[in-house]
Each structure stands twice: as structure tokens, then as C-alpha cells.
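Source file final.pdb; content: PDB, C-alpha atoms and all ligand atoms.
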ATOM      1  CA  MET Z 156      52.208  38.691  12.204
ATOM      2  CA  PRO Z 157      51.083  40.902   9.302
ATOM      3  CA  GLU Z 158      47.901  39.734   7.605
ATOM      4  CA  PRO Z 159      48.473  38.257   4.130
ATOM      5  CA  MET Z 160      46.818  40.409   1.489
ATOM      6  CA  MET Z 161      43.272  39.218   0.728
ATOM      7  CA  GLU Z 162      41.996  39.228  -2.805
ATOM      8  CA  ARG Z 163      38.608  40.933  -2.854
ATOM      9  CA  SER Z 164      36.597  37.840  -3.642
ATOM     10  CA  GLU Z 165      38.568  35.533  -1.393
ATOM     11  CA  ILE Z 166      36.284  33.687   1.039
ATOM     12  CA  LEU Z 167      38.848  31.486   2.751
ATOM     13  CA  ARG Z 168      42.605  31.649   3.194
ATOM     14  CA  ILE Z 169      44.424  29.103   5.308
ATOM     15  CA  HIS Z 170      47.960  29.980   6.231
ATOM     16  CA  GLY Z 171      50.549  27.773   7.949
ATOM     17  CA  ILE Z 172      48.099  25.638   9.940
ATOM     18  CA  HIS Z 173      49.589  23.091  12.349
ATOM     19  CA  LYS Z 174      47.582  20.680  14.489
ATOM     20  CA  THR Z 175      48.825  18.007  16.862
ATOM     21  CA  PHE Z 176      46.851  15.507  18.941
ATOM     22  CA  SER Z 177      49.003  14.370  21.886
ATOM     23  CA  ALA Z 178      52.288  13.535  20.165
ATOM     24  CA  HIS Z 179      50.664  12.934  16.789
ATOM     25  CA  GLN Z 180      51.226  15.781  14.344
ATOM     26  CA  VAL Z 181      48.281  15.601  11.955
ATOM     27  CA  LEU Z 182      48.638  18.879  10.065
ATOM     28  CA  SER Z 183      52.053  20.456   9.604
ATOM     29  CA  GLY Z 184      51.783  23.612   7.569
ATOM     30  CA  ILE Z 185      48.584  23.809   5.531
ATOM     31  CA  ASP Z 186      48.080  26.643   3.035
ATOM     32  CA  LEU Z 187      44.963  26.910   0.902
ATOM     33  CA  SER Z 188      42.769  29.645  -0.513
ATOM     34  CA  LEU Z 189      39.320  29.708  -1.992
ATOM     35  CA  ARG Z 190      37.490  32.454  -3.830
ATOM     36  CA  ALA Z 191      33.764  33.148  -3.971
ATOM     37  CA  CYS Z 192      31.720  30.674  -6.039
ATOM     38  CA  GLU Z 193      34.578  28.183  -6.108
ATOM     39  CA  THR Z 194      34.592  24.589  -4.936
ATOM     40  CA  VAL Z 195      37.707  22.877  -3.656
ATOM     41  CA  ALA Z 196      37.731  19.130  -3.121
ATOM     42  CA  ILE Z 197      40.122  17.778  -0.520
ATOM     43  CA  LEU Z 198      41.387  14.285  -1.164
ATOM     44  CA  GLY Z 199      43.691  12.185   0.971
ATOM     45  CA  GLY Z 200      44.010   8.806   2.590
ATOM     46  CA  SER Z 201      42.020   7.778   5.630
ATOM     47  CA  GLY Z 202      43.466   9.457   8.712
ATOM     48  CA  SER Z 203      45.344  12.073   6.689
ATOM     49  CA  GLY Z 204      43.590  14.893   8.564
ATOM     50  CA  LYS Z 205      40.762  15.944   6.236
ATOM     51  CA  THR Z 206      38.074  16.084   8.916
ATOM     52  CA  THR Z 207      40.534  17.770  11.269
ATOM     53  CA  LEU Z 208      41.102  20.499   8.673
ATOM     54  CA  LEU Z 209      37.367  20.961   8.098
ATOM     55  CA  LYS Z 210      36.730  21.304  11.838
ATOM     56  CA  LEU Z 211      39.413  23.975  12.053
ATOM     57  CA  ILE Z 212      37.814  25.935   9.214
ATOM     58  CA  ALA Z 213      34.425  25.594  10.929
ATOM     59  CA  GLY Z 214      35.912  27.052  14.114
ATOM     60  CA  LEU Z 215      35.063  23.859  16.023
ATOM     61  CA  SER Z 216      38.664  23.175  16.919
ATOM     62  CA  ARG Z 217      41.768  25.329  17.269
ATOM     63  CA  PRO Z 218      45.122  24.852  15.569
ATOM     64  CA  ASP Z 219      48.464  24.884  17.400
ATOM     65  CA  ARG Z 220      49.478  27.695  15.090
ATOM     66  CA  GLY Z 221      48.569  29.310  11.821
ATOM     67  CA  GLN Z 222      45.815  31.564  10.530
ATOM     68  CA  ILE Z 223      42.412  30.945   8.976
ATOM     69  CA  PHE Z 224      40.941  33.984   7.267
ATOM     70  CA  LEU Z 225      37.193  33.637   6.769
ATOM     71  CA  PHE Z 226      35.491  36.406   4.822
ATOM     72  CA  GLY Z 227      38.647  38.452   5.324
ATOM     73  CA  LYS Z 228      39.155  38.009   9.078
ATOM     74  CA  ASP Z 229      41.460  35.679  10.981
ATOM     75  CA  ILE Z 230      39.084  33.570  13.109
ATOM     76  CA  ILE Z 231      41.764  31.848  15.192
ATOM     77  CA  PRO Z 232      42.081  34.508  17.918
ATOM     78  CA  LEU Z 233      38.291  34.959  18.191
ATOM     79  CA  SER Z 234      36.217  33.980  21.221
ATOM     80  CA  GLU Z 235      33.189  31.668  20.895
ATOM     81  CA  GLN Z 236      30.964  34.741  20.980
ATOM     82  CA  GLU Z 237      32.972  36.497  18.285
ATOM     83  CA  LEU Z 238      32.843  33.369  16.124
ATOM     84  CA  LEU Z 239      29.038  33.300  16.016
ATOM     85  CA  PRO Z 240      28.578  35.692  13.069
ATOM     86  CA  PHE Z 241      31.075  33.596  11.073
ATOM     87  CA  ARG Z 242      29.252  30.372  11.931
ATOM     88  CA  LYS Z 243      26.000  31.926  10.705
ATOM     89  CA  ARG Z 244      27.527  32.439   7.277
ATOM     90  CA  MET Z 245      28.696  28.827   7.089
ATOM     91  CA  GLY Z 246      26.936  25.491   6.700
ATOM     92  CA  VAL Z 247      28.638  22.293   7.833
ATOM     93  CA  VAL Z 248      27.767  18.786   6.680
ATOM     94  CA  PHE Z 249      29.437  16.424   9.124
ATOM     95  CA  GLN Z 250      30.923  13.048   8.196
ATOM     96  CA  GLY Z 251      28.264  11.307  10.303
ATOM     97  CA  ALA Z 252      24.985  13.135   9.761
ATOM     98  CA  ALA Z 253      24.987  14.411  13.398
ATOM     99  CA  LEU Z 254      21.194  14.791  13.516
ATOM    100  CA  PHE Z 255      19.277  15.289  16.751
ATOM    101  CA  ASP Z 256      17.593  11.925  17.298
ATOM    102  CA  SER Z 257      14.821  13.317  19.469
ATOM    103  CA  LEU Z 258      13.755  15.826  16.801
ATOM    104  CA  THR Z 259      11.834  15.127  13.607
ATOM    105  CA  VAL Z 260      13.451  15.722  10.241
ATOM    106  CA  LEU Z 261      11.539  18.997   9.951
ATOM    107  CA  GLU Z 262      12.713  20.128  13.396
ATOM    108  CA  ASN Z 263      16.295  19.144  12.587
ATOM    109  CA  ILE Z 264      16.351  21.205   9.397
ATOM    110  CA  ALA Z 265      14.448  24.064  11.000
ATOM    111  CA  PHE Z 266      16.839  24.131  13.968
ATOM    112  CA  PRO Z 267      19.350  26.659  12.559
ATOM    113  CA  LEU Z 268      16.516  28.807  11.212
ATOM    114  CA  ARG Z 269      14.802  28.907  14.598
ATOM    115  CA  LEU Z 270      18.095  29.488  16.397
ATOM    116  CA  HIS Z 271      19.570  32.205  14.232
ATOM    117  CA  THR Z 272      16.738  33.837  12.316
ATOM    118  CA  ARG Z 273      13.270  35.249  12.846
ATOM    119  CA  THR Z 274      11.705  33.197  10.096
ATOM    120  CA  SER Z 275       7.973  32.612  10.639
ATOM    121  CA  GLU Z 276       6.697  29.053  11.194
ATOM    122  CA  ARG Z 277       4.916  29.157   7.861
ATOM    123  CA  GLU Z 278       8.048  30.196   6.007
ATOM    124  CA  ILE Z 279      10.054  27.558   7.874
ATOM    125  CA  ARG Z 280       7.677  24.806   6.720
ATOM    126  CA  THR Z 281       7.837  26.029   3.126
ATOM    127  CA  ARG Z 282      11.626  26.289   3.245
ATOM    128  CA  VAL Z 283      12.065  22.836   4.802
ATOM    129  CA  ALA Z 284       9.746  21.281   2.207
ATOM    130  CA  ALA Z 285      11.788  22.889  -0.598
ATOM    131  CA  LEU Z 286      15.077  21.722   0.946
ATOM    132  CA  LEU Z 287      13.803  18.158   1.334
ATOM    133  CA  ALA Z 288      12.721  18.148  -2.299
ATOM    134  CA  GLN Z 289      16.153  19.504  -3.276
ATOM    135  CA  VAL Z 290      17.926  16.577  -1.584
ATOM    136  CA  GLY Z 291      15.448  14.074  -3.017
ATOM    137  CA  LEU Z 292      13.474  13.352   0.160
ATOM    138  CA  PRO Z 293      10.128  15.095  -0.257
ATOM    139  CA  GLY Z 294       7.532  14.616   2.430
ATOM    140  CA  ILE Z 295       9.624  13.017   5.182
ATOM    141  CA  GLY Z 296       9.509  16.039   7.539
ATOM    142  CA  GLU Z 297       7.502  14.259  10.230
ATOM    143  CA  GLN Z 298       9.777  11.217  10.433
ATOM    144  CA  TYR Z 299      12.464  10.723  13.092
ATOM    145  CA  PRO Z 300      16.130  10.046  12.201
ATOM    146  CA  ALA Z 301      15.987   6.543  13.744
ATOM    147  CA  GLY Z 302      13.660   5.481  10.921
ATOM    148  CA  LEU Z 303      15.967   6.690   8.140
ATOM    149  CA  SER Z 304      18.747   4.889   6.295
ATOM    150  CA  GLY Z 305      22.322   6.208   6.635
ATOM    151  CA  GLY Z 306      22.091   7.805   3.198
ATOM    152  CA  MET Z 307      18.802   9.522   4.017
ATOM    153  CA  LYS Z 308      20.255  10.894   7.262
ATOM    154  CA  LYS Z 309      23.170  12.244   5.286
ATOM    155  CA  ARG Z 310      20.842  14.058   2.903
ATOM    156  CA  VAL Z 311      18.854  15.523   5.805
ATOM    157  CA  GLY Z 312      22.204  16.745   7.201
ATOM    158  CA  ILE Z 313      22.869  18.454   3.875
ATOM    159  CA  ALA Z 314      19.414  20.052   3.868
ATOM    160  CA  ARG Z 315      20.056  21.364   7.390
ATOM    161  CA  ALA Z 316      23.431  22.817   6.377
ATOM    162  CA  LEU Z 317      21.809  24.631   3.446
ATOM    163  CA  ALA Z 318      18.835  25.943   5.426
ATOM    164  CA  ARG Z 319      20.221  29.428   6.018
ATOM    165  CA  GLU Z 320      21.620  29.793   2.505
ATOM    166  CA  PRO Z 321      25.202  29.903   3.760
ATOM    167  CA  GLU Z 322      27.940  31.646   1.793
ATOM    168  CA  LEU Z 323      30.401  28.861   2.532
ATOM    169  CA  VAL Z 324      29.518  25.182   2.920
ATOM    170  CA  LEU Z 325      31.876  22.572   4.318
ATOM    171  CA  PHE Z 326      31.036  19.027   3.266
ATOM    172  CA  ASP Z 327      32.690  16.048   4.952
ATOM    173  CA  GLU Z 328      32.183  12.985   2.730
ATOM    174  CA  PRO Z 329      28.768  14.073   1.414
ATOM    175  CA  THR Z 330      28.339  11.028  -0.824
ATOM    176  CA  ALA Z 331      29.813   8.324   1.416
ATOM    177  CA  GLY Z 332      27.344   5.540   2.117
ATOM    178  CA  LEU Z 333      25.000   6.547  -0.688
ATOM    179  CA  ASP Z 334      24.129   4.330  -3.628
ATOM    180  CA  PRO Z 335      25.496   5.559  -6.991
ATOM    181  CA  LYS Z 336      22.238   7.237  -8.007
ATOM    182  CA  ASN Z 337      21.931   9.236  -4.778
ATOM    183  CA  ALA Z 338      25.655   9.967  -4.708
ATOM    184  CA  ARG Z 339      25.340  11.456  -8.194
ATOM    185  CA  MET Z 340      22.315  13.467  -7.096
ATOM    186  CA  ILE Z 341      24.160  15.025  -4.153
ATOM    187  CA  CYS Z 342      27.172  15.696  -6.321
ATOM    188  CA  ASP Z 343      24.930  17.400  -8.908
ATOM    189  CA  LEU Z 344      23.332  19.413  -6.121
ATOM    190  CA  ILE Z 345      26.720  20.736  -4.959
ATOM    191  CA  ALA Z 346      27.593  21.647  -8.546
ATOM    192  CA  GLU Z 347      24.213  23.314  -9.042
ATOM    193  CA  LEU Z 348      24.574  25.409  -5.889
ATOM    194  CA  ARG Z 349      27.861  26.756  -7.167
ATOM    195  CA  ARG Z 350      26.287  27.618 -10.518
ATOM    196  CA  THR Z 351      22.996  29.062  -9.368
ATOM    197  CA  VAL Z 352      23.603  30.754  -6.019
ATOM    198  CA  CYS Z 353      27.344  31.240  -6.157
ATOM    199  CA  GLU Z 354      27.935  28.842  -3.287
ATOM    200  CA  THR Z 355      31.509  28.434  -2.155
ATOM    201  CA  SER Z 356      32.315  24.942  -0.919
ATOM    202  CA  VAL Z 357      35.037  22.839   0.615
ATOM    203  CA  VAL Z 358      34.262  19.188  -0.099
ATOM    204  CA  VAL Z 359      36.188  16.416   1.615
ATOM    205  CA  THR Z 360      35.537  13.277  -0.346
ATOM    206  CA  HIS Z 361      36.724   9.856  -1.391
ATOM    207  CA  ASP Z 362      34.371  10.059  -4.362
ATOM    208  CA  LEU Z 363      36.726  10.819  -7.222
ATOM    209  CA  GLN Z 364      34.042  11.101  -9.835
ATOM    210  CA  CYS Z 365      32.310  13.708  -7.712
ATOM    211  CA  ALA Z 366      35.574  15.543  -6.954
ATOM    212  CA  PHE Z 367      36.414  15.771 -10.639
ATOM    213  CA  ALA Z 368      32.886  16.832 -11.569
ATOM    214  CA  ILE Z 369      32.375  19.651  -9.069
ATOM    215  CA  SER Z 370      35.746  21.203  -8.314
ATOM    216  CA  ASP Z 371      37.609  24.245  -9.466
ATOM    217  CA  GLN Z 372      40.583  22.927  -7.510
ATOM    218  CA  ILE Z 373      41.502  19.563  -6.060
ATOM    219  CA  ALA Z 374      43.852  19.537  -3.085
ATOM    220  CA  PHE Z 375      45.666  16.405  -1.939
ATOM    221  CA  LEU Z 376      46.526  15.997   1.716
ATOM    222  CA  ASP Z 377      49.416  13.715   2.611
ATOM    223  CA  GLN Z 378      51.722  13.522   5.637
ATOM    224  CA  GLY Z 379      50.226  16.666   7.137
ATOM    225  CA  LYS Z 380      50.681  18.841   4.056
ATOM    226  CA  ILE Z 381      48.782  19.719   0.905
ATOM    227  CA  ILE Z 382      51.249  18.315  -1.583
ATOM    228  CA  GLU Z 383      49.213  19.111  -4.691
ATOM    229  CA  VAL Z 384      46.550  21.636  -5.530
ATOM    230  CA  ALA Z 385      45.430  21.941  -9.112
ATOM    231  CA  THR Z 386      42.480  22.118 -11.458
ATOM    232  CA  PRO Z 387      40.908  18.677 -12.007
ATOM    233  CA  GLU Z 388      42.567  18.433 -15.396
ATOM    234  CA  ASN Z 389      46.021  19.219 -14.049
ATOM    235  CA  PHE Z 390      45.469  17.118 -10.947
ATOM    236  CA  ARG Z 391      45.060  14.025 -13.103
ATOM    237  CA  ARG Z 392      48.425  14.777 -14.668
ATOM    238  CA  SER Z 393      50.134  15.523 -11.344
ATOM    239  CA  SER Z 394      53.813  14.646 -11.266
ATOM    240  CA  ARG Z 395      53.523  13.704  -7.574
ATOM    241  CA  PRO Z 396      53.835   9.927  -7.240
ATOM    242  CA  GLU Z 397      51.629   9.993  -4.116
ATOM    243  CA  VAL Z 398      48.793  11.517  -6.147
ATOM    244  CA  GLN Z 399      49.191   9.052  -8.988
ATOM    245  CA  MET Z 400      49.256   6.161  -6.508
ATOM    246  CA  PHE Z 401      46.090   7.471  -4.872
ATOM    247  CA  LEU Z 402      44.332   7.784  -8.221
ATOM    248  CA  GLU Z 403      45.486   4.364  -9.384
ATOM    249  CA  GLY Z 404      44.519   2.761  -6.061
ATOM    250  CA  ALA Z 405      41.081   4.286  -6.284
ATOM    251  CA  PHE Z 406      40.638   3.097  -9.849
ATOM    252  CA  ASP Z 407      41.763  -0.412  -8.958
ATOM    253  CA  GLN Z 408      39.894  -0.896  -5.726
ATOM    254  CA  HIS Z 409      36.845   1.213  -5.283
ATOM    255  CA  THR Z 410      35.377   2.586  -8.439
ATOM    256  CA  PRO Z 411      34.450   1.533 -11.906
ATOM    257  CA  MET Z 412      36.427   4.500 -13.190
ATOM    258  CA  ARG Z 413      39.087   4.488 -15.833
ATOM    259  CA  LEU Z 414      41.124   7.048 -17.668
ATOM    260  CA  ALA Z 415      40.556   7.139 -21.378
ATOM    261  CA  GLU Z 416      42.398   9.648 -23.506
ATOM    262  CA  GLY Z 417      42.969  11.821 -20.481
ATOM    263  CA  ARG Z 418      39.245  11.919 -19.587
ATOM    264  CA  LEU Z 419      37.569  10.210 -16.687
ATOM    265  CA  THR Z 420      34.840   7.876 -17.794
ATOM    266  CA  TRP Z 421      32.751   5.178 -16.179
ATOM    267  CA  ASN Z 422      33.042   1.572 -17.213
ATOM    268  CA  ASN Z 423      29.305   1.088 -16.754
ATOM    269  CA  GLY Z 424      27.915   4.289 -18.149
ATOM    270  CA  PRO Z 425      28.523   7.802 -19.401
ATOM    271  CA  ALA Z 426      30.751  10.175 -17.446
TER     272      ALA Z 426
HETATM  273  N1  LIG Z 501      40.043  14.685  18.752
HETATM  274  C1  LIG Z 501      41.062  13.900  18.424
HETATM  275  N2  LIG Z 501      41.892  13.405  19.365
HETATM  276  C2  LIG Z 501      42.955  12.631  19.041
HETATM  277  N3  LIG Z 501      43.276  12.281  17.783
HETATM  278  C3  LIG Z 501      42.481  12.744  16.801
HETATM  279  C4  LIG Z 501      41.338  13.559  17.057
HETATM  280  N4  LIG Z 501      40.748  13.885  15.883
HETATM  281  C5  LIG Z 501      41.482  13.276  14.933
HETATM  282  N5  LIG Z 501      42.516  12.608  15.476
HETATM  283  C6  LIG Z 501      43.538  11.843  14.739
HETATM  284  O1  LIG Z 501      43.998  12.666  13.675
HETATM  285  C7  LIG Z 501      44.210  11.883  12.507
HETATM  286  C8  LIG Z 501      43.405  12.462  11.374
HETATM  287  O2  LIG Z 501      42.035  12.266  11.627
HETATM  288  P1  LIG Z 501      40.911  12.787  10.653
HETATM  289  O3  LIG Z 501      39.603  12.367  11.240
HETATM  290  O4  LIG Z 501      41.103  14.229  10.405
HETATM  291  O5  LIG Z 501      41.239  11.966   9.316
HETATM  292  P2  LIG Z 501      40.456  11.894   7.936
HETATM  293  O6  LIG Z 501      41.420  12.256   6.861
HETATM  294  O7  LIG Z 501      39.195  12.685   8.032
HETATM  295  O8  LIG Z 501      40.136  10.336   7.830
HETATM  296  P3  LIG Z 501      38.861   9.572   7.183
HETATM  297  O9  LIG Z 501      39.077   9.600   5.699
HETATM  298  O10 LIG Z 501      38.961   8.192   7.739
HETATM  299  O11 LIG Z 501      37.617  10.279   7.604
HETATM  300  C9  LIG Z 501      43.839  10.443  12.857
HETATM  301  O12 LIG Z 501      45.014   9.744  13.185
HETATM  302  C10 LIG Z 501      42.958  10.604  14.084
HETATM  303  O13 LIG Z 501      43.064   9.492  14.921
HETATM  304 MG    MG Z 502      37.211  12.206   7.986
END

Will you turn the file into C-alpha cells for me?
Amino acid sequence: MPEPMMERSEILRIHGIHKTFSAHQVLSGIDLSLRACETVAILGGSGSGKTTLLKLIAGLSRPDRGQIFLFGKDIIPLSEQELLPFRKRMGVVFQGAALFDSLTVLENIAFPLRLHTRTSEREIRTRVAALLAQVGLPGIGEQYPAGLSGGMKKRVGIARALAREPELVLFDEPTAGLDPKNARMICDLIAELRRTVCETSVVVTHDLQCAFAISDQIAFLDQGKIIEVATPENFRRSSRPEVQMFLEGAFDQHTPMRLAEGRLTWNNGPA
């Protein structure tokens, strides 16, 4: 199949991705593209295939068919060995924090640096300290994951994903399980990375306030397809009933959010 033309600054292009588990077709023709320094949020109901899509982009799972161009190259036909240089340019924040329980926080965050780079021990300690401060957990490097709350583990997972200053970061529910203050902090961090170091991110999230605050595009996954992809402003006005139902359901059930004059605001504080 001829390769679709890549725009120069395109970091990711997903083309016609299908994925089935046993007889269950989870993804049935996904197309999506993302340019450098952009953030796309992926919304969708539970079980709609968001994590599945993220794992495919990360090269951790293979689709039945379709293409995933990362930094201009289709990664689907590549061997594990050939995938390594692509993995090095990517950071992944898993839905569960996926930390190594037998390693300290410092060792967890240092792991990708020790594995893939020749960073000195001194530099590693300085870098880990800076990353922990960035995610709001200064000074916990010597602790073990078992002693951390779910939210703290999540933030350590984020620090680990950022350790090698990846060009593309995949976040799976980065704010889930965090209290509102910490959720806002992580959301601000993702936005700041885009602004300051031109980070490109795919963020799977249920956190609508975060999705609206950080994204250049919001994509909505439903019945195996992305049925809407739009800027946050246009996403709110989507003509797709599924999208409107999702937004309304979220407003009713989970969040103190409301729409006022076309703007998202918080019932209990400023937007
Ligand atoms: N390895 C697997 N084997 C079999 N089925 C799987 C596997 N991974 C995912 N699935 C199925 O694929 C569907 C999509 O799962 P996925 O984890 O991608 O959903 P999700 O959108 O991330 O959901 P959530 O919002 O709850 O995290 C689910 O029905 C799930 O059971
Ligand atoms: Mg998931």
C-alpha cells in the first residue's frame, strides 16, 4: 500500500486501524493525525478501546490491519528490535502506574535513563529530583511504591515517562484517581510541556475539564471508530448526538461542570 503523504511536522498518523480480541471487534477503522507540539485528547466510554489504541501507538500490541506512522515511518511491520529507537522517543504513562514494586521511586524514574542512556549517576539524581518536583512530589526518591497512594504512584509514573524528554508522550487517564488539586496540577503540567518544550501528547482521559484545557483536538471514540475530531470549541458544539450525550452525561454525573454561554466553567470555582 502506498504511504500516505506526511506533512513535515506530523509526528503521528494512524490510518485504517482495526483490532479484534477473539470475536470482539474493538477498533474498526481508526484514522487520526497529530502534528508536533500538539495535544490530542481521546474521549470515549469505558471499554470503547482507548487503552487499546494507546497500546497500538506505543508498539505494545499489533493491529489486525492498518498503519501507524510514527515520526514518518510505519511501525506496524517493524520487529521488536527495529521498534526500539521509536520507543526511546516516546514516553508512556499507563492507566495503572505500572511501577516496579521492588525498586525505589528514584530507581523507577531512573530506570529508562539507565537502560537507554549513558547519563552519569550524579546527573540522574539531579534529573530525578527535578522531575519529582515537577510532579509535586519532591524528596520521595527513597520511598517504595507500596508506601504511596494511588495518586502519588500515578505522578511517579508520569515522572518516569518524562525522564528521557520524549518527543511524544502517551497518557492513559493521567488524572484518574487524583483529588481535584492534583488533577489540575497534572493537567497544567501537560499543558506546560506543550508550551515550553514542544511536547506532543496523546491523552486518554475521562477528565473533561482537563481535555478542554490542554487539547488542540478532541477525538471521540465510539463503536470502534473516531466519530468526531475537532478543536475543543467545535467539539462542544458537535452535531453528533453520541458526543452531546457523553458531554451531558459527564456534566450530570461526574463533574461540577456546566456550560455557560458556550464556555465551560466550574460550579465551585473559576474555570
Ligand atoms: N488483551 C485483551 N484481550 C481481550 N480483550 C481485551 C484485551 N484488551 C482489551 N480488551 C477488550 O477491548 C475492549 C476495550 O478495552 P480498552 O481497555 O481499550 O477500553 P478503554 O476505552 O480503555 O476503557 P476504560 O475507559 O475502562 O479504561 C474491552 O471490551 C476489553 O475487554
Ligand atoms: Mg482504558

task: Considering all atoms listed in the file, state which residue in the set Z:Glu328, Z:Asp334, Z:Glu388, Z:Asp362 is at the smallest distance from ligand LIG 501 (chain Z).
output: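 Nearest to ligand LIG 501 (chain Z): Z:Glu328.
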
Please report as a Markdown table every residue of chain Z lying within 12 Å of ligand MG 502 (chain Z), along with the nearest atom pair and their distance in Å (one decimal), using all atoms listed in the file.
| residue | atom | partner | partner_atom | distance |
| --- | --- | --- | --- | --- |
| Z:Ile197 | CA | Z:MG502 | MG | 10.6 |
| Z:Leu198 | CA | Z:MG502 | MG | 10.3 |
| Z:Gly199 | CA | Z:MG502 | MG | 9.5 |
| Z:Gly200 | CA | Z:MG502 | MG | 9.3 |
| Z:Ser201 | CA | Z:MG502 | MG | 6.9 |
| Z:Gly202 | CA | Z:MG502 | MG | 6.9 |
| Z:Ser203 | CA | Z:MG502 | MG | 8.2 |
| Z:Gly204 | CA | Z:MG502 | MG | 6.9 |
| Z:Lys205 | CA | Z:MG502 | MG | 5.4 |
| Z:Thr206 | CA | Z:MG502 | MG | 4.1 |
| Z:Thr207 | CA | Z:MG502 | MG | 7.3 |
| Z:Leu208 | CA | Z:MG502 | MG | 9.2 |
| Z:Leu209 | CA | Z:MG502 | MG | 8.8 |
| Z:Lys210 | CA | Z:MG502 | MG | 9.9 |
| Z:Val248 | CA | Z:MG502 | MG | 11.6 |
| Z:Phe249 | CA | Z:MG502 | MG | 8.9 |
| Z:Gln250 | CA | Z:MG502 | MG | 6.3 |
| Z:Gly251 | CA | Z:MG502 | MG | 9.3 |
| Z:Phe326 | CA | Z:MG502 | MG | 10.3 |
| Z:Asp327 | CA | Z:MG502 | MG | 6.7 |
| Z:Glu328 | CA | Z:MG502 | MG | 7.3 |
| Z:Pro329 | CA | Z:MG502 | MG | 10.9 |
| Z:Ala331 | CA | Z:MG502 | MG | 10.6 |
| Z:Val358 | CA | Z:MG502 | MG | 11.1 |
| Z:Val359 | CA | Z:MG502 | MG | 7.7 |
| Z:Thr360 | CA | Z:MG502 | MG | 8.6 |
| Z:His361 | CA | Z:MG502 | MG | 9.7 |
| Z:Leu376 | CA | Z:MG502 | MG | 11.9 |

Given the PyMOL selection byres (((chain Z and resi 310-320) around 6) and not hetatm), the residues it picks as a tab-separated table (two decimals) with C-alpha atoms, keeping the file's coordinate frame:
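Final output, saved to selection_35.tsv:
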chain	number	residue	atom	x	y	z
Z	246	GLY	CA	26.94	25.49	6.70
Z	247	VAL	CA	28.64	22.29	7.83
Z	248	VAL	CA	27.77	18.79	6.68
Z	252	ALA	CA	24.98	13.14	9.76
Z	264	ILE	CA	16.35	21.20	9.40
Z	286	LEU	CA	15.08	21.72	0.95
Z	290	VAL	CA	17.93	16.58	-1.58
Z	307	MET	CA	18.80	9.52	4.02
Z	308	LYS	CA	20.26	10.89	7.26
Z	309	LYS	CA	23.17	12.24	5.29
Z	321	PRO	CA	25.20	29.90	3.76

- prompt: Applied to the shown file, which residues does the PyMOL selection byres (((chain Z and resi 224) around 9) and not hetatm) return, written as a PyMOL selection string?
  reply: chain Z and resi 161+166-170+212+222-223+225-231

query: With distances taken over all atoms listed in the file, which of Z:Lys380, Z:Arg282, Z:Lys336, Z:Arg350 is nearest to ligand LIG 501 (chain Z)?
result: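 Of all the options, Z:Lys380 lies closest to ligand LIG 501 (chain Z).
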
task: Could you please determine the separation between atom CA of Z:Lys243 and atom CA of Z:Ser356 in Å, to one decimal place?
output: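 Value for the atom CA of Z:Lys243-atom CA of Z:Ser356 distance: 15.0 Å.
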
query: Of the residues Z:Ser183, Z:Thr355, Z:Ser393, Z:Gln289, which is the one nearest to Z:Ala374, using all atoms listed in the file?
result: Z:Ser393

message: Show me, as a ChimeraX atom specification, the residues that have an atom within 9 Å of Z:Asn337 when counting all atoms listed in the file, minus same-chain residues fewer than 4 positions from it.
response: /Z:290-291,306,330,333,341-342

message: Here's the selection I'm unsure about, the PyMOL selection byres (((chain Z and resi 253-261) around 6) and not hetatm); applied to the file above, which residues does it give, as number ranges by chain?
response: Z: 251-252, 262-265, 296-300

Would you export the selected residues with C-alpha atoms as a CSV table (one decimal), keeping the file's coordinate frame, please?
chain,number,residue,atom,x,y,z
Z,251,GLY,CA,28.3,11.3,10.3
Z,252,ALA,CA,25.0,13.1,9.8
Z,262,GLU,CA,12.7,20.1,13.4
Z,263,ASN,CA,16.3,19.1,12.6
Z,264,ILE,CA,16.4,21.2,9.4
Z,265,ALA,CA,14.4,24.1,11.0
Z,296,GLY,CA,9.5,16.0,7.5
Z,297,GLU,CA,7.5,14.3,10.2
Z,298,GLN,CA,9.8,11.2,10.4
Z,299,TYR,CA,12.5,10.7,13.1
Z,300,PRO,CA,16.1,10.0,12.2

task: Name the residues in contact with Z:Val352 at a cut-off of 9 Å, using all atoms listed in the file, excluding same-chain residues fewer than 2 positions from it; report them as a list in words.
output: Cys192, Glu320, Glu322, Glu347, Leu348, Arg349, Arg350 and Glu354 of chain Z

field: Residue among Z:Val324, Z:Ala368, Z:Leu239, Z:Ala196 lying closest to Z:Leu270, counting only C-alpha atoms
entry: Z:Leu239

Put a box with edges along x, y and z around all the listed atoms of ligand LIG 501 (chain Z), pad it by 6 Å on each side, then give me its centre and sizes in Å, one decimal, as JSON.
{"center_x": 41.3, "center_y": 11.4, "center_z": 12.5, "size_x": 19.4, "size_y": 18.5, "size_z": 25.7}

- prompt: Which one is closest to Z:Leu325: Z:Gly171, Z:Gly214, Z:Gly221, Z:Gly302? Count only C-alpha atoms.
  reply: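 Selected residue with least distance to Z:Leu325: Z:Gly214.
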
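We find atom CA of Z:Ser164 and atom CA of Z:Glu193 to be spaced 10.2 Å apart.
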
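One distance worth recording is that between atom CA of Z:Arg220 and atom CA of Z:Leu233, which is 13.7 Å.
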